[in-house]
Amino acid sequence: MTNLLQALAYAAFYLTSLLPYRALYALSDLLYPILYHAVRYRRGIVRRNLATSLPGAGAGELERVERSFYRWLCDYYVETLKLMTVSRGELMRHVEFRGTEAIEASFDRGRPCAAILGHYCNWELLSAIGLALDNHKEAVIGLVYTPKTCKLFDHLFIKIRQNMGGVCVPKQDVLRYLVSFREQGLLSIFGYIADQRPKNQATHLSLPFLGHDTPVFTGAERIMRNMGDTVFYVDMERPARGKYIYTFKQITADPESLPEHEITRRFFALLEQTIRRDPRFYLWSHDRWKGEKDERVKR
């Protein structure tokens with residue numbers, strides 16, 4: 001993509017973010033038939049993932065989840081762009097945070113926190129968690145991310161994620177940032193999206209997840225242990241269009257008291273419960289189990 005095309009795309013994204021929520025969802029409705037019927041974005045991957053992960057579902061149910069997933073994905077795109085310009089007050093009308101009193105209690109004890117989550121619902125809106133803290137407004141909200149090779153789009157996503165007061169931290173620098181915050185006497189809660197497919201050399205553990213033998217990252221758990229974090233799983237719900245509920249469920253206040261990899265195991269068990277409760281909102285387009293073959297994909 002040339003620099004001019006990148007600049008035009010950036011401008012289009014910014015103009016989109018200026019639309020009110022009602023217009024955003026009208027735009028999402030227009031995007032859906034393009035993404036699903038015309039472009040057929042990753043349809044093969046989505047169908048394979050659904051068929052192999054939800055084996056008890058019939059063809060009709062799988063198709064319903066598939067179509068609902070693509071409708072939600074279009075909503076995710078426009079909601080995320082809206083983060084560029086949305087006011088904090090307006091965003092808080094669309095999100096609800098539960099369990100934050102446990103985060104505050106950990107901060108009261110002088111303990112940092114870590115939130116571990118998956119690609120479910122709109123994880124980008126979680127950057128507003130700092131707005132829900134009553135007694136520790138000074139706490140650092142760390143948003144762990146993978147820098148993009150395109151500088152323009154790297155800037156775009158940093159702007160999106162930091163608009164609610166969080167700090168984007170490149171994944172390779174997380175421990176350095178955490179140590180720096182501790183030396184400055186700053187409390188923090190860092191968010192780790194931990195359900196990506198690791199490269200072979202990064203695989204340290206395989207777990208059963210959604211009916212698959214799944215290689216998983218363990219790096220986030222190692223950092224949590226090193227920092228003595230109070231660890232939370234973020235359970236997400238979408239009770240209505242444009243409404244999200246984020247519930248912080250404590251996994252442990254003492255990571256070192258648990259066996260190695262236990263935090264990772266508990267996270268994937270909790271994430272699977274969340275997905276099976278309502279599978280429409282998981283990122284099925286991610287090629288999580290690349291290379292697997294299964295005869296159940298027939299549509």
# chains A, B, ... in the order shown; residues from 1 in each chain; ligands from 1
$ closest_atom_pairs --of "stretch 66-113 of chain A" --to "stretch 144-161 of chain A" --cutoff "10 Å" --atoms "only C-alpha atoms" --output "Markdown table"
| residue | atom | partner | partner_atom | distance |
| --- | --- | --- | --- | --- |
| A:Thr80 | CA | A:Ile160 | CA | 7.2 |
| A:Leu81 | CA | A:Ile160 | CA | 6.9 |
| A:Lys82 | CA | A:Ile160 | CA | 8.1 |
| A:Leu83 | CA | A:Ile160 | CA | 5.2 |
| A:Met84 | CA | A:Ile160 | CA | 4.7 |
| A:Thr85 | CA | A:Ile160 | CA | 8.2 |
| A:Val86 | CA | A:Ile160 | CA | 9.7 |
$ write_last_selection --atoms "N, CA, C and O atoms" --output "JSON list (two decimals), in the first residue's frame"
[["chain", "number", "residue", "atom", "x", "y", "z"],
["A", 80, "THR", "N", -14.57, -0.05, 17.27],
["A", 80, "THR", "CA", -13.16, 0.19, 17.55],
["A", 80, "THR", "C", -12.71, 1.52, 16.95],
["A", 80, "THR", "O", -12.00, 2.30, 17.60],
["A", 81, "LEU", "N", -13.12, 1.80, 15.73],
["A", 81, "LEU", "CA", -12.78, 3.09, 15.13],
["A", 81, "LEU", "C", -13.36, 4.25, 15.94],
["A", 81, "LEU", "O", -12.74, 5.31, 16.06],
["A", 82, "LYS", "N", -14.54, 4.06, 16.49],
["A", 82, "LYS", "CA", -15.18, 5.10, 17.27],
["A", 82, "LYS", "C", -14.33, 5.51, 18.47],
["A", 82, "LYS", "O", -14.43, 6.66, 18.96],
["A", 83, "LEU", "N", -13.47, 4.61, 18.95],
["A", 83, "LEU", "CA", -12.62, 4.93, 20.09],
["A", 83, "LEU", "C", -11.68, 6.09, 19.81],
["A", 83, "LEU", "O", -11.16, 6.72, 20.74],
["A", 84, "MET", "N", -11.45, 6.40, 18.53],
["A", 84, "MET", "CA", -10.57, 7.52, 18.19],
["A", 84, "MET", "C", -11.12, 8.84, 18.70],
["A", 84, "MET", "O", -10.36, 9.74, 19.06],
["A", 85, "THR", "N", -12.44, 8.99, 18.70],
["A", 85, "THR", "CA", -13.04, 10.30, 18.96],
["A", 85, "THR", "C", -14.10, 10.30, 20.07],
["A", 85, "THR", "O", -14.54, 11.36, 20.48],
["A", 86, "VAL", "N", -14.52, 9.13, 20.53],
["A", 86, "VAL", "CA", -15.60, 9.08, 21.51],
["A", 86, "VAL", "C", -15.18, 9.75, 22.82],
["A", 86, "VAL", "O", -14.01, 9.65, 23.23]]
$ residues_around --residues "stretch 127-132 of chain A" --least-positions-apart "6" --cutoff "7 Å" --atoms "only C-alpha atoms" --output "ChimeraX atom specification"
/A:97,141,161,164,166
$ closest_residue --among "A:Val95, A:Ala139, A:Ala38, A:Leu207" --to "A:Gln184" --atoms "only C-alpha atoms"
A:Ala139
$ select_by_dssp --residues "stretch 65-194 of chain A" --states "strand (DSSP E or B)" --output "PyMOL selection string"
chain A and resi 95-98+113-117+120+140-145+167-170+188-193
$ residues_around --residues "A:Glu79" --least-positions-apart "4" --cutoff "10 Å" --atoms "only C-alpha atoms" --output "MDAnalysis selection string"
chainID A and resid 16:17 21 24:25 28 73:75 83:84 86 122 124:125 242
$ select_by_dssp --residues "stretch 55-297 of chain A" --states "alpha helix (DSSP H)" --output "MDAnalysis selection string"
chainID A and resid 59:82 88:91 100:108 151:162 174:183 219:227 262:277
$ decode --residues "stretch 279-291 of chain A" --atoms "all heavy atoms" --output "mmCIF file, in the first residue's frame"
data_model
loop_
_atom_site.group_PDB
_atom_site.id
_atom_site.type_symbol
_atom_site.label_atom_id
_atom_site.label_comp_id
_atom_site.auth_asym_id
_atom_site.auth_seq_id
_atom_site.Cartn_x
_atom_site.Cartn_y
_atom_site.Cartn_z
ATOM 1 N N PRO A 279 -21.348 -18.438 21.599
ATOM 2 C CA PRO A 279 -20.204 -18.514 20.680
ATOM 3 C C PRO A 279 -20.183 -17.451 19.589
ATOM 4 O O PRO A 279 -19.203 -17.354 18.852
ATOM 5 C CB PRO A 279 -20.349 -19.915 20.065
ATOM 6 C CG PRO A 279 -21.799 -20.229 20.172
ATOM 7 C CD PRO A 279 -22.258 -19.579 21.448
ATOM 8 N N ARG A 280 -21.211 -16.646 19.486
ATOM 9 C CA ARG A 280 -21.265 -15.674 18.387
ATOM 10 C C ARG A 280 -20.139 -14.660 18.431
ATOM 11 O O ARG A 280 -19.740 -14.129 17.390
ATOM 12 C CB ARG A 280 -22.599 -14.919 18.423
ATOM 13 C CG ARG A 280 -23.831 -15.768 18.176
ATOM 14 C CD ARG A 280 -25.086 -14.936 18.375
ATOM 15 N NE ARG A 280 -25.226 -14.472 19.759
ATOM 16 C CZ ARG A 280 -26.099 -13.552 20.148
ATOM 17 N NH1 ARG A 280 -26.895 -12.966 19.264
ATOM 18 N NH2 ARG A 280 -26.182 -13.207 21.429
ATOM 19 N N PHE A 281 -19.610 -14.388 19.609
ATOM 20 C CA PHE A 281 -18.725 -13.242 19.774
ATOM 21 C C PHE A 281 -17.254 -13.614 19.938
ATOM 22 O O PHE A 281 -16.457 -12.793 20.399
ATOM 23 C CB PHE A 281 -19.184 -12.393 20.968
ATOM 24 C CG PHE A 281 -20.630 -11.997 20.881
ATOM 25 C CD1 PHE A 281 -21.493 -12.215 21.960
ATOM 26 C CD2 PHE A 281 -21.152 -11.427 19.729
ATOM 27 C CE1 PHE A 281 -22.823 -11.858 21.885
ATOM 28 C CE2 PHE A 281 -22.489 -11.071 19.651
ATOM 29 C CZ PHE A 281 -23.337 -11.284 20.724
ATOM 30 N N TYR A 282 -16.871 -14.834 19.557
ATOM 31 C CA TYR A 282 -15.457 -15.200 19.581
ATOM 32 C C TYR A 282 -14.856 -14.946 18.200
ATOM 33 O O TYR A 282 -15.563 -14.981 17.183
ATOM 34 C CB TYR A 282 -15.277 -16.670 19.970
ATOM 35 C CG TYR A 282 -13.830 -17.038 20.219
ATOM 36 C CD1 TYR A 282 -13.068 -16.325 21.139
ATOM 37 C CD2 TYR A 282 -13.231 -18.091 19.535
ATOM 38 C CE1 TYR A 282 -11.745 -16.661 21.375
ATOM 39 C CE2 TYR A 282 -11.901 -18.427 19.777
ATOM 40 C CZ TYR A 282 -11.157 -17.706 20.685
ATOM 41 O OH TYR A 282 -9.838 -18.028 20.905
ATOM 42 N N LEU A 283 -13.551 -14.712 18.152
ATOM 43 C CA LEU A 283 -12.893 -14.379 16.890
ATOM 44 C C LEU A 283 -12.605 -15.648 16.092
ATOM 45 O O LEU A 283 -11.457 -16.092 15.977
ATOM 46 C CB LEU A 283 -11.604 -13.590 17.160
ATOM 47 C CG LEU A 283 -10.946 -12.955 15.927
ATOM 48 C CD1 LEU A 283 -11.858 -11.916 15.286
ATOM 49 C CD2 LEU A 283 -9.609 -12.328 16.310
ATOM 50 N N TRP A 284 -13.643 -16.198 15.490
ATOM 51 C CA TRP A 284 -13.524 -17.454 14.746
ATOM 52 C C TRP A 284 -12.707 -17.305 13.461
ATOM 53 O O TRP A 284 -12.253 -18.304 12.899
ATOM 54 C CB TRP A 284 -14.908 -17.996 14.406
ATOM 55 C CG TRP A 284 -15.726 -18.340 15.602
ATOM 56 C CD1 TRP A 284 -16.828 -17.679 16.063
ATOM 57 C CD2 TRP A 284 -15.508 -19.429 16.516
ATOM 58 N NE1 TRP A 284 -17.309 -18.279 17.201
ATOM 59 C CE2 TRP A 284 -16.525 -19.356 17.504
ATOM 60 C CE3 TRP A 284 -14.559 -20.447 16.598
ATOM 61 C CZ2 TRP A 284 -16.610 -20.267 18.549
ATOM 62 C CZ3 TRP A 284 -14.645 -21.359 17.645
ATOM 63 C CH2 TRP A 284 -15.661 -21.267 18.600
ATOM 64 N N SER A 285 -12.490 -16.093 12.993
ATOM 65 C CA SER A 285 -11.725 -15.891 11.759
ATOM 66 C C SER A 285 -10.226 -16.038 11.974
ATOM 67 O O SER A 285 -9.462 -16.062 10.999
ATOM 68 C CB SER A 285 -12.031 -14.505 11.167
ATOM 69 O OG SER A 285 -11.790 -13.486 12.124
ATOM 70 N N HIS A 286 -9.797 -16.127 13.214
ATOM 71 C CA HIS A 286 -8.379 -16.349 13.485
ATOM 72 C C HIS A 286 -8.055 -17.820 13.239
ATOM 73 O O HIS A 286 -8.748 -18.710 13.736
ATOM 74 C CB HIS A 286 -8.068 -15.986 14.938
ATOM 75 C CG HIS A 286 -6.655 -16.248 15.351
ATOM 76 N ND1 HIS A 286 -5.575 -15.935 14.557
ATOM 77 C CD2 HIS A 286 -6.144 -16.803 16.477
ATOM 78 C CE1 HIS A 286 -4.465 -16.280 15.179
ATOM 79 N NE2 HIS A 286 -4.783 -16.823 16.343
ATOM 80 N N ASP A 287 -6.999 -18.084 12.489
ATOM 81 C CA ASP A 287 -6.631 -19.469 12.149
ATOM 82 C C ASP A 287 -5.899 -20.108 13.329
ATOM 83 O O ASP A 287 -4.715 -20.424 13.261
ATOM 84 C CB ASP A 287 -5.762 -19.479 10.889
ATOM 85 C CG ASP A 287 -5.787 -20.831 10.176
ATOM 86 O OD1 ASP A 287 -6.445 -21.753 10.685
ATOM 87 O OD2 ASP A 287 -5.160 -20.950 9.112
ATOM 88 N N ARG A 288 -6.649 -20.305 14.399
ATOM 89 C CA ARG A 288 -6.081 -20.735 15.681
ATOM 90 C C ARG A 288 -5.488 -22.134 15.628
ATOM 91 O O ARG A 288 -4.496 -22.434 16.294
ATOM 92 C CB ARG A 288 -7.186 -20.695 16.744
ATOM 93 C CG ARG A 288 -6.699 -20.926 18.177
ATOM 94 C CD ARG A 288 -5.808 -19.785 18.597
ATOM 95 N NE ARG A 288 -5.330 -19.901 19.958
ATOM 96 C CZ ARG A 288 -4.307 -20.646 20.351
ATOM 97 N NH1 ARG A 288 -3.669 -21.390 19.490
ATOM 98 N NH2 ARG A 288 -3.910 -20.653 21.614
ATOM 99 N N TRP A 289 -6.097 -23.007 14.836
ATOM 100 C CA TRP A 289 -5.647 -24.401 14.762
ATOM 101 C C TRP A 289 -5.169 -24.712 13.347
ATOM 102 O O TRP A 289 -5.574 -25.717 12.747
ATOM 103 C CB TRP A 289 -6.776 -25.331 15.203
ATOM 104 C CG TRP A 289 -7.199 -25.046 16.615
ATOM 105 C CD1 TRP A 289 -6.551 -25.409 17.757
ATOM 106 C CD2 TRP A 289 -8.362 -24.311 17.034
ATOM 107 N NE1 TRP A 289 -7.223 -24.952 18.857
ATOM 108 C CE2 TRP A 289 -8.346 -24.272 18.459
ATOM 109 C CE3 TRP A 289 -9.416 -23.672 16.359
ATOM 110 C CZ2 TRP A 289 -9.333 -23.643 19.204
ATOM 111 C CZ3 TRP A 289 -10.401 -23.032 17.104
ATOM 112 C CH2 TRP A 289 -10.351 -23.021 18.508
ATOM 113 N N LYS A 290 -4.342 -23.858 12.816
ATOM 114 C CA LYS A 290 -3.827 -23.977 11.455
ATOM 115 C C LYS A 290 -3.169 -25.336 11.251
ATOM 116 O O LYS A 290 -2.406 -25.816 12.080
ATOM 117 C CB LYS A 290 -2.804 -22.869 11.190
ATOM 118 C CG LYS A 290 -2.310 -22.816 9.759
ATOM 119 C CD LYS A 290 -1.369 -21.629 9.569
ATOM 120 C CE LYS A 290 -0.893 -21.534 8.135
ATOM 121 N NZ LYS A 290 0.012 -20.371 7.946
ATOM 122 N N GLY A 291 -3.514 -25.963 10.148
ATOM 123 C CA GLY A 291 -2.914 -27.249 9.815
ATOM 124 C C GLY A 291 -3.761 -28.436 10.186
ATOM 125 O O GLY A 291 -3.548 -29.532 9.677
#
